[in-house]
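Chemist: Mind having a look at this structure? Questions to follow.
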Amino acid sequence: MTGTAQDGGASALGNVIVAPETRALDELVAQLTPWLQARLPQANDLGIVDPSYPSGAGQSHETILFDAHWTENGAPVVQGCVVRIKPIRHQIFPDDLFIEQYRVMEALHRHGVRVAKPLWLEEDAALLGAPFFIMERVQGRVAVSIPPYREQGWVAEATPAQRRHLWEEGVRHLASIHTVPLTELQFLAGPEGARDGLKQEWDKYVRFVDWVSEDRPWPVLKAALERLRAQWPANQPAGLVWGDSRLGNLMYDANFDVVAIMDWEQPSLGGALHDLAWWLTMSEQMHGATAESPHLDGMGTRAETIALWEELTGISAQDIEWYEDFTRLKSSCLNVRMSALKGRPAPDEAWLAQRLKVTPPA
């Protein structure tokens, strides 16, 4: 979460907080104030005010919004901030990429990609019980998942023309990620034999399947891996993987322009088509966008999204159907993991088999 997850329509959100865990915010203020003062030696009378958890988003990391204020050279200064704390007990992914998340944002910010400006990183867990970083708070609104943005809130209430602009802005900023040179992102290289490209992203999710299978077997996920491996795609363009490319991870202003791209917790050098496939799959899931219909009037169809992305990046989307199937495997791993973390019933294996296009378990 980069800034204020405010909903611009009739607020049905209430105070829905979906953070993996929460803490006493007055204690957080007491801990962070001297830490921040040490990083701003020129600041006088520094204070932290209005700490809060964002509503309707932020399931993977504990994320807290606040304002820091001080005087500097006799003038008042106010800095909106977001602190993002590394998950310890509620780890969604097997790979710890918390520090890499911060470094990716630094690199993208240098290249003009609209991410919140990273401000400070603390790798020592002593202060808050886990490493954390602070980034600039960007003001805007987010298409939240709880409740679904297709049903209520500012996206549902927008005009078709506004939604058309929102969709096009989203695809343009998605494409901007895939034009960033990889030379400054080599710290994202994977293990030996899977340093980058499709092999890196594949290795990540082979290990994810093994990880979620430690508690109980998931033959349907193993079968999906085998099916995908047998249909290995020819088109494997290079590129940064955002990892969670969807409308709900973009922040918009009142003019429906993107002001920030959020949630960089699982980046890789796996290739640009992974993000396009994730965007297409999540659009179908969240607001029903198919090849022929956008479901929400004004939003682009699947075919329109592919065409615009190809035009902007100069990258062919050939074999995108394979990457969409891979996305369904990835999100199935997440469903299994989130169900375990939240104590919910595990996903139905017959449903997973249908989704992953494999034979249901006997």
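Following the order of the structure tokens, first chain is A, next is B, and so on, with residues numbered from 1 inside each chain and ligands from 1 in the order they appear.
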Residues of segment 22-122 of chain A classed as alpha helix (DSSP H) by DSSP on the backbone are to be reported as a ChimeraX atom specification.

Modeler: /A:25-39,98-110

Chemist: Take the residues just selected and output them with N, CA and C atoms as an mmCIF file, in the first residue's frame.

Modeler:
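Dumped everything to part-v2.cif:
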```
data_model
loop_
_atom_site.group_PDB
_atom_site.id
_atom_site.type_symbol
_atom_site.label_atom_id
_atom_site.label_comp_id
_atom_site.auth_asym_id
_atom_site.auth_seq_id
_atom_site.Cartn_x
_atom_site.Cartn_y
_atom_site.Cartn_z
ATOM 1 N N LEU A 25 -0.803 1.313 17.818
ATOM 2 C CA LEU A 25 -0.194 2.372 17.010
ATOM 3 C C LEU A 25 0.485 3.441 17.858
ATOM 4 N N ASP A 26 0.032 3.639 19.094
ATOM 5 C CA ASP A 26 0.722 4.607 19.946
ATOM 6 C C ASP A 26 2.131 4.108 20.289
ATOM 7 N N GLU A 27 2.266 2.788 20.456
ATOM 8 C CA GLU A 27 3.589 2.218 20.692
ATOM 9 C C GLU A 27 4.471 2.359 19.463
ATOM 10 N N LEU A 28 3.897 2.148 18.291
ATOM 11 C CA LEU A 28 4.653 2.317 17.047
ATOM 12 C C LEU A 28 5.184 3.740 16.933
ATOM 13 N N VAL A 29 4.348 4.711 17.237
ATOM 14 C CA VAL A 29 4.772 6.111 17.175
ATOM 15 C C VAL A 29 5.945 6.355 18.119
ATOM 16 N N ALA A 30 5.859 5.823 19.328
ATOM 17 C CA ALA A 30 6.940 6.006 20.302
ATOM 18 C C ALA A 30 8.237 5.356 19.826
ATOM 19 N N GLN A 31 8.128 4.243 19.117
ATOM 20 C CA GLN A 31 9.326 3.561 18.616
ATOM 21 C C GLN A 31 9.926 4.271 17.405
ATOM 22 N N LEU A 32 9.069 4.706 16.497
ATOM 23 C CA LEU A 32 9.555 5.279 15.243
ATOM 24 C C LEU A 32 10.061 6.712 15.374
ATOM 25 N N THR A 33 9.536 7.462 16.324
ATOM 26 C CA THR A 33 9.904 8.881 16.404
ATOM 27 C C THR A 33 11.404 9.088 16.596
ATOM 28 N N PRO A 34 12.064 8.463 17.592
ATOM 29 C CA PRO A 34 13.512 8.673 17.720
ATOM 30 C C PRO A 34 14.298 8.078 16.556
ATOM 31 N N TRP A 35 13.806 6.986 16.006
ATOM 32 C CA TRP A 35 14.476 6.379 14.837
ATOM 33 C C TRP A 35 14.461 7.358 13.658
ATOM 34 N N LEU A 36 13.313 7.972 13.423
ATOM 35 C CA LEU A 36 13.201 8.921 12.324
ATOM 36 C C LEU A 36 14.008 10.184 12.603
ATOM 37 N N GLN A 37 14.031 10.611 13.840
ATOM 38 C CA GLN A 37 14.808 11.794 14.210
ATOM 39 C C GLN A 37 16.291 11.585 13.891
ATOM 40 N N ALA A 38 16.792 10.374 14.109
ATOM 41 C CA ALA A 38 18.201 10.081 13.828
ATOM 42 C C ALA A 38 18.503 10.168 12.340
ATOM 43 N N ARG A 39 17.499 9.977 11.501
ATOM 44 C CA ARG A 39 17.694 10.053 10.050
ATOM 45 C C ARG A 39 17.425 11.447 9.508
ATOM 46 N N PHE A 98 12.014 -9.193 0.774
ATOM 47 C CA PHE A 98 11.631 -7.923 1.373
ATOM 48 C C PHE A 98 12.627 -6.811 1.034
ATOM 49 N N ILE A 99 13.912 -7.075 1.171
ATOM 50 C CA ILE A 99 14.923 -6.059 0.856
ATOM 51 C C ILE A 99 14.927 -5.776 -0.640
ATOM 52 N N GLU A 100 14.785 -6.825 -1.443
ATOM 53 C CA GLU A 100 14.745 -6.652 -2.898
ATOM 54 C C GLU A 100 13.563 -5.782 -3.315
ATOM 55 N N GLN A 101 12.454 -5.915 -2.608
ATOM 56 C CA GLN A 101 11.277 -5.079 -2.875
ATOM 57 C C GLN A 101 11.639 -3.591 -2.795
ATOM 58 N N TYR A 102 12.367 -3.235 -1.757
ATOM 59 C CA TYR A 102 12.775 -1.839 -1.580
ATOM 60 C C TYR A 102 13.732 -1.413 -2.688
ATOM 61 N N ARG A 103 14.690 -2.278 -3.023
ATOM 62 C CA ARG A 103 15.684 -1.941 -4.042
ATOM 63 C C ARG A 103 15.062 -1.820 -5.442
ATOM 64 N N VAL A 104 14.067 -2.638 -5.720
ATOM 65 C CA VAL A 104 13.346 -2.520 -6.993
ATOM 66 C C VAL A 104 12.664 -1.163 -7.078
ATOM 67 N N MET A 105 12.021 -0.754 -5.999
ATOM 68 C CA MET A 105 11.353 0.535 -5.998
ATOM 69 C C MET A 105 12.354 1.678 -6.192
ATOM 70 N N GLU A 106 13.527 1.562 -5.576
ATOM 71 C CA GLU A 106 14.563 2.575 -5.790
ATOM 72 C C GLU A 106 14.930 2.673 -7.260
ATOM 73 N N ALA A 107 15.156 1.521 -7.900
ATOM 74 C CA ALA A 107 15.562 1.502 -9.307
ATOM 75 C C ALA A 107 14.458 2.050 -10.210
ATOM 76 N N LEU A 108 13.231 1.646 -9.970
ATOM 77 C CA LEU A 108 12.129 2.111 -10.803
ATOM 78 C C LEU A 108 11.896 3.604 -10.624
ATOM 79 N N HIS A 109 12.018 4.071 -9.391
ATOM 80 C CA HIS A 109 11.842 5.501 -9.141
ATOM 81 C C HIS A 109 12.888 6.306 -9.907
ATOM 82 N N ARG A 110 14.119 5.822 -9.938
ATOM 83 C CA ARG A 110 15.170 6.509 -10.705
ATOM 84 C C ARG A 110 14.834 6.576 -12.181
#
```

Chemist: Which polymer residues have any atom within 12 Å of an atom of Leu273 of chain A, counting only C-alpha atoms, with same-chain residues fewer than 6 positions away left out, as a PyMOL selection string?

Modeler: chain A and resi 174-175+177-178+197-198+201+233+235-243+245+279-280+306+309-310+313+315-327

Chemist: Create the file for the chosen residues now, containing N, CA and C atoms and written as a compact mmCIF listing (two decimals), in the first residue's frame.

Modeler:
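Generated output (out24.txt):
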```
# COMPACT_ATOMS: atom_id res chain seq x y z
N LEU A 174 1.50 -0.39 -16.74
CA LEU A 174 1.99 -1.76 -16.78
C LEU A 174 3.10 -1.89 -17.82
N ALA A 175 2.87 -1.33 -18.99
CA ALA A 175 3.88 -1.39 -20.05
C ALA A 175 5.15 -0.65 -19.67
N ILE A 177 6.70 -0.59 -16.96
CA ILE A 177 7.56 -1.48 -16.18
C ILE A 177 8.41 -2.34 -17.11
N HIS A 178 7.84 -2.74 -18.22
CA HIS A 178 8.50 -3.70 -19.11
C HIS A 178 9.42 -3.04 -20.11
N GLY A 197 14.79 -15.03 -16.67
CA GLY A 197 13.90 -15.56 -17.68
C GLY A 197 12.87 -16.53 -17.11
N LEU A 198 12.21 -17.24 -18.00
CA LEU A 198 11.14 -18.14 -17.60
C LEU A 198 11.63 -19.18 -16.60
N GLU A 201 11.21 -17.81 -12.98
CA GLU A 201 9.83 -17.77 -12.49
C GLU A 201 9.28 -19.17 -12.31
N PRO A 233 6.39 -22.78 -23.62
CA PRO A 233 6.18 -21.80 -24.69
C PRO A 233 7.47 -21.43 -25.43
N ASN A 235 7.80 -18.42 -26.94
CA ASN A 235 8.00 -16.98 -26.74
C ASN A 235 8.32 -16.70 -25.27
N GLN A 236 9.56 -16.29 -25.02
CA GLN A 236 10.02 -16.03 -23.65
C GLN A 236 10.76 -14.69 -23.59
N PRO A 237 10.07 -13.58 -23.80
CA PRO A 237 10.75 -12.28 -23.79
C PRO A 237 11.28 -11.94 -22.40
N ALA A 238 12.39 -11.21 -22.38
CA ALA A 238 12.97 -10.77 -21.11
C ALA A 238 12.10 -9.68 -20.50
N GLY A 239 12.38 -9.37 -19.25
CA GLY A 239 11.67 -8.27 -18.59
C GLY A 239 11.53 -8.49 -17.10
N LEU A 240 11.33 -7.38 -16.41
CA LEU A 240 11.06 -7.41 -14.98
C LEU A 240 9.66 -7.96 -14.73
N VAL A 241 9.53 -8.78 -13.71
CA VAL A 241 8.22 -9.24 -13.25
C VAL A 241 7.82 -8.40 -12.04
N TRP A 242 6.71 -7.71 -12.14
CA TRP A 242 6.12 -6.97 -11.02
C TRP A 242 5.63 -7.98 -9.98
N GLY A 243 4.88 -8.96 -10.43
CA GLY A 243 4.48 -10.05 -9.56
C GLY A 243 3.03 -10.02 -9.13
N SER A 245 0.42 -7.78 -10.82
CA SER A 245 -0.02 -6.73 -11.75
C SER A 245 -1.53 -6.78 -11.93
N TRP A 279 -2.30 -9.70 -15.25
CA TRP A 279 -3.26 -8.61 -15.42
C TRP A 279 -4.53 -9.13 -16.10
N LEU A 280 -4.38 -9.90 -17.18
CA LEU A 280 -5.53 -10.41 -17.92
C LEU A 280 -6.36 -11.36 -17.05
N ILE A 306 -4.35 -6.71 -24.69
CA ILE A 306 -3.18 -7.31 -25.33
C ILE A 306 -2.66 -6.41 -26.44
N TRP A 309 -0.95 -3.24 -25.00
CA TRP A 309 0.31 -3.59 -24.35
C TRP A 309 1.39 -3.90 -25.40
N GLU A 310 1.04 -4.66 -26.42
CA GLU A 310 2.01 -4.97 -27.49
C GLU A 310 2.48 -3.70 -28.18
N THR A 313 4.87 -1.72 -25.68
CA THR A 313 6.15 -2.37 -25.32
C THR A 313 6.96 -2.81 -26.51
N ILE A 315 6.67 -5.73 -27.62
CA ILE A 315 6.89 -7.14 -27.30
C ILE A 315 5.70 -7.95 -27.78
N SER A 316 5.97 -9.09 -28.42
CA SER A 316 4.89 -9.96 -28.87
C SER A 316 4.27 -10.69 -27.70
N ALA A 317 2.95 -10.79 -27.72
CA ALA A 317 2.23 -11.55 -26.69
C ALA A 317 1.90 -12.96 -27.15
N GLN A 318 2.62 -13.45 -28.14
CA GLN A 318 2.42 -14.83 -28.60
C GLN A 318 2.60 -15.78 -27.42
N ASP A 319 1.80 -16.82 -27.37
CA ASP A 319 1.81 -17.83 -26.30
C ASP A 319 1.24 -17.29 -24.98
N ILE A 320 0.52 -16.18 -25.03
CA ILE A 320 0.01 -15.60 -23.79
C ILE A 320 -0.93 -16.57 -23.07
N GLU A 321 -1.59 -17.46 -23.82
CA GLU A 321 -2.50 -18.41 -23.18
C GLU A 321 -1.75 -19.32 -22.21
N TRP A 322 -0.53 -19.71 -22.56
CA TRP A 322 0.27 -20.54 -21.65
C TRP A 322 0.57 -19.75 -20.37
N TYR A 323 0.93 -18.50 -20.51
CA TYR A 323 1.26 -17.68 -19.34
C TYR A 323 0.03 -17.44 -18.48
N GLU A 324 -1.14 -17.37 -19.10
CA GLU A 324 -2.38 -17.25 -18.31
C GLU A 324 -2.65 -18.53 -17.53
N ASP A 325 -2.40 -19.68 -18.14
CA ASP A 325 -2.54 -20.94 -17.42
C ASP A 325 -1.53 -21.02 -16.27
N PHE A 326 -0.33 -20.53 -16.49
CA PHE A 326 0.68 -20.49 -15.43
C PHE A 326 0.22 -19.56 -14.30
N THR A 327 -0.40 -18.45 -14.67
CA THR A 327 -0.94 -17.53 -13.67
C THR A 327 -1.98 -18.23 -12.80
```

Chemist: Per residue of segment 252-346 of chain A within 12 Å of segment 111-132 of chain A, note the shortest atom pair and the distance in Å to one decimal, counting only C-alpha atoms, and order the rows by chain and increasing residue number, as CSV.

Modeler:
```
residue,atom,partner,partner_atom,distance
A:Tyr252,CA,A:Arg114,CA,11.0
A:Asp257,CA,A:Arg114,CA,11.0
A:Val258,CA,A:Arg114,CA,7.8
A:Val259,CA,A:Arg114,CA,6.2
A:Ala260,CA,A:Val115,CA,4.8
A:Ile261,CA,A:Val115,CA,5.0
A:Met262,CA,A:Val115,CA,6.6
A:Asp263,CA,A:Val115,CA,9.4
A:Trp264,CA,A:Val115,CA,9.6
```

Chemist: Could those residues be written to a file, using N, CA and C atoms, as a PDB file, in the first residue's frame?

Modeler:
```pdb
ATOM      1  N   TYR A 252      -4.906   5.802  -8.101  1.00  0.00           N
ATOM      2  CA  TYR A 252      -5.382   6.789  -9.064  1.00  0.00           C
ATOM      3  C   TYR A 252      -5.735   8.100  -8.372  1.00  0.00           C
ATOM      4  N   ASP A 257      -6.046   9.220 -13.326  1.00  0.00           N
ATOM      5  CA  ASP A 257      -4.661   9.035 -13.752  1.00  0.00           C
ATOM      6  C   ASP A 257      -3.905   8.256 -12.685  1.00  0.00           C
ATOM      7  N   VAL A 258      -3.013   7.371 -13.113  1.00  0.00           N
ATOM      8  CA  VAL A 258      -2.212   6.590 -12.173  1.00  0.00           C
ATOM      9  C   VAL A 258      -1.194   7.495 -11.483  1.00  0.00           C
ATOM     10  N   VAL A 259      -1.140   7.418 -10.159  1.00  0.00           N
ATOM     11  CA  VAL A 259      -0.142   8.183  -9.410  1.00  0.00           C
ATOM     12  C   VAL A 259       0.881   7.270  -8.735  1.00  0.00           C
ATOM     13  N   ALA A 260       0.587   5.977  -8.627  1.00  0.00           N
ATOM     14  CA  ALA A 260       1.560   5.068  -8.019  1.00  0.00           C
ATOM     15  C   ALA A 260       1.246   3.624  -8.395  1.00  0.00           C
ATOM     16  N   ILE A 261       2.312   2.852  -8.588  1.00  0.00           N
ATOM     17  CA  ILE A 261       2.236   1.401  -8.807  1.00  0.00           C
ATOM     18  C   ILE A 261       2.720   0.743  -7.521  1.00  0.00           C
ATOM     19  N   MET A 262       1.929  -0.165  -6.958  1.00  0.00           N
ATOM     20  CA  MET A 262       2.179  -0.648  -5.599  1.00  0.00           C
ATOM     21  C   MET A 262       2.469  -2.145  -5.551  1.00  0.00           C
ATOM     22  N   ASP A 263       2.968  -2.577  -4.395  1.00  0.00           N
ATOM     23  CA  ASP A 263       3.130  -3.981  -4.008  1.00  0.00           C
ATOM     24  C   ASP A 263       4.119  -4.735  -4.895  1.00  0.00           C
ATOM     25  N   TRP A 264       5.385  -4.590  -4.529  1.00  0.00           N
ATOM     26  CA  TRP A 264       6.503  -5.179  -5.278  1.00  0.00           C
ATOM     27  C   TRP A 264       7.135  -6.336  -4.510  1.00  0.00           C
TER      28      TRP A 264
END
```

Chemist: What is the distance, in Å and to one decimal place, between atom CA of Ala272 of chain A and atom CA of Pro87 of chain A?

Modeler: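 Those two atoms sit 26.9 Å apart.
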
Chemist: Within segment 39-221 of chain A, find each residue whose DSSP state, derived from the backbone, is strand (DSSP E or B), and express the selection as a ChimeraX atom specification.

Modeler: /A:44-52,62-72,75-85,118-122,132-136,138,141-142

Chemist: Skip segment 162-171 of chain A itself and residues of its chain fewer than 4 positions away, then list as a list in words all residues within 9 Å of it, counting only C-alpha atoms.

Modeler: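 Listing them by chain and then by number gives Val155, Ala156, Ala158, Ala175, Ser176, Arg246, Leu247, Leu250, Tyr252, Asn255, Phe256, Asp257, Val258, Leu276, Trp279, Leu296, Asp297, Gly298, Met299, Gly300, Thr305, Leu308, Trp309 and Leu312 of chain A.
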
Chemist: Suppose we keep C-alpha atoms; can you now write the selection as an mmCIF file, in the first residue's frame?

Modeler:
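To be explicit, this is the file written out as result-v2.cif:
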```
data_model
loop_
_atom_site.group_PDB
_atom_site.id
_atom_site.type_symbol
_atom_site.label_atom_id
_atom_site.label_comp_id
_atom_site.auth_asym_id
_atom_site.auth_seq_id
_atom_site.Cartn_x
_atom_site.Cartn_y
_atom_site.Cartn_z
ATOM 1 C CA VAL A 155 -14.841 2.353 -9.960
ATOM 2 C CA ALA A 156 -18.391 0.983 -10.030
ATOM 3 C CA ALA A 158 -17.529 5.976 -12.583
ATOM 4 C CA ALA A 175 3.877 -1.394 -20.047
ATOM 5 C CA SER A 176 6.216 1.204 -18.521
ATOM 6 C CA ARG A 246 -3.668 -5.818 -11.349
ATOM 7 C CA LEU A 247 -5.944 -2.839 -11.171
ATOM 8 C CA LEU A 250 -2.548 0.944 -8.876
ATOM 9 C CA TYR A 252 -5.382 6.789 -9.064
ATOM 10 C CA ASN A 255 -8.839 12.447 -12.827
ATOM 11 C CA PHE A 256 -8.396 8.652 -13.104
ATOM 12 C CA ASP A 257 -4.661 9.035 -13.752
ATOM 13 C CA VAL A 258 -2.212 6.590 -12.173
ATOM 14 C CA LEU A 276 0.521 -9.226 -18.803
ATOM 15 C CA TRP A 279 -3.265 -8.609 -15.419
ATOM 16 C CA LEU A 296 -17.722 -3.081 -16.601
ATOM 17 C CA ASP A 297 -18.722 -0.701 -19.372
ATOM 18 C CA GLY A 298 -15.709 1.286 -20.541
ATOM 19 C CA MET A 299 -13.027 -1.109 -19.355
ATOM 20 C CA GLY A 300 -10.949 -2.677 -22.106
ATOM 21 C CA THR A 305 -5.524 -4.979 -23.468
ATOM 22 C CA LEU A 308 -2.392 -1.898 -26.435
ATOM 23 C CA TRP A 309 0.313 -3.587 -24.353
ATOM 24 C CA LEU A 312 3.413 0.177 -26.070
#
```

Chemist: Lys204 of chain A: which residues within 9 Å, counting only C-alpha atoms, same-chain residues fewer than 4 positions away excluded, as number ranges by chain?

Modeler: A: 94-95, 190, 194, 199-200, 208-209

Chemist: How would the residues just picked look written out with N, CA and C atoms as a PDB file, in the first residue's frame?

Modeler:
```pdb
ATOM      1  N   PRO A  94       7.120 -18.447  -0.235  1.00  0.00           N
ATOM      2  CA  PRO A  94       8.305 -19.118   0.307  1.00  0.00           C
ATOM      3  C   PRO A  94       9.567 -18.281   0.207  1.00  0.00           C
ATOM      4  N   ASP A  95       9.631 -17.357  -0.749  1.00  0.00           N
ATOM      5  CA  ASP A  95      10.831 -16.546  -0.954  1.00  0.00           C
ATOM      6  C   ASP A  95      10.750 -15.240  -0.178  1.00  0.00           C
ATOM      7  N   GLY A 190      17.952 -15.211  -9.827  1.00  0.00           N
ATOM      8  CA  GLY A 190      17.562 -16.380  -9.053  1.00  0.00           C
ATOM      9  C   GLY A 190      18.725 -17.314  -8.782  1.00  0.00           C
ATOM     10  N   ALA A 194      18.655 -21.098 -12.691  1.00  0.00           N
ATOM     11  CA  ALA A 194      17.382 -20.377 -12.874  1.00  0.00           C
ATOM     12  C   ALA A 194      17.611 -18.905 -12.563  1.00  0.00           C
ATOM     13  N   LYS A 199      12.876 -19.624 -16.713  1.00  0.00           N
ATOM     14  CA  LYS A 199      13.397 -20.619 -15.781  1.00  0.00           C
ATOM     15  C   LYS A 199      13.346 -20.112 -14.338  1.00  0.00           C
ATOM     16  N   GLN A 200      13.608 -18.821 -14.134  1.00  0.00           N
ATOM     17  CA  GLN A 200      13.579 -18.281 -12.780  1.00  0.00           C
ATOM     18  C   GLN A 200      12.163 -18.294 -12.212  1.00  0.00           C
ATOM     19  N   PHE A 208       7.218 -23.308  -4.724  1.00  0.00           N
ATOM     20  CA  PHE A 208       5.985 -22.924  -4.029  1.00  0.00           C
ATOM     21  C   PHE A 208       5.067 -24.141  -3.889  1.00  0.00           C
ATOM     22  N   VAL A 209       4.917 -24.919  -4.976  1.00  0.00           N
ATOM     23  CA  VAL A 209       4.089 -26.125  -4.915  1.00  0.00           C
ATOM     24  C   VAL A 209       4.641 -27.097  -3.872  1.00  0.00           C
TER      25      VAL A 209
END
```

Chemist: Could you tell me how far atom CA of Met135 of chain A lies from atom CA of Ile85 of chain A, in Å and to one decimal?

Modeler: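 Atom-to-atom, atom CA of Met135 of chain A and atom CA of Ile85 of chain A are spaced 11.4 Å apart.
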
Chemist: When you count only C-alpha atoms, which of these residues is closest to Gln285 of chain A: A:Asp67, A:Tyr149, A:Arg172, A:Glu349?

Modeler: A:Tyr149

Chemist: Leaving out Arg355 of chain A and any residue of its chain fewer than 2 positions from it, which residues lie within 9 Å of it when counting only C-alpha atoms, given as a list of chain:residue names?

Modeler: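 Using only C-alpha atoms, the neighbours found are A:Asp325, A:Arg328, A:Leu329, A:Ser332, A:Ala350, A:Trp351, A:Leu352, A:Ala353, A:Lys357, A:Val358.
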
Chemist: Quick one: residues within 9 Å of Arg84 of chain A, only C-alpha atoms counted, chain neighbours fewer than 4 positions away excluded, as a list in words?

Modeler: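 Residues near the query, excluding close chain neighbours: Met1, His61, Glu62, Thr63, Ile64, Leu65, Pro131, Phe132, Phe133, Ile134 and Met135 of chain A.
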
Chemist: Interatomic distance between atom CA of Ser213 of chain A and atom CA of Ile146 of chain A?

Modeler: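 Rounded to one decimal, the two atoms are 28.3 Å apart.
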
Chemist: Out of A:Val206, A:Ala68, A:Leu97, A:Ile48, which residue has the shortest atom-to-atom distance to Gln266 of chain A when counting only C-alpha atoms?

Modeler: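 For Gln266 of chain A, the nearest of the candidates is A:Leu97.
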
Chemist: So, with only C-alpha atoms as the atoms that count, which of A:Pro41, A:Pro267, A:Pro361, A:Gly248 lies closest to Lys222 of chain A?

Modeler: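 Smallest distance to Lys222 of chain A is found for A:Pro361.
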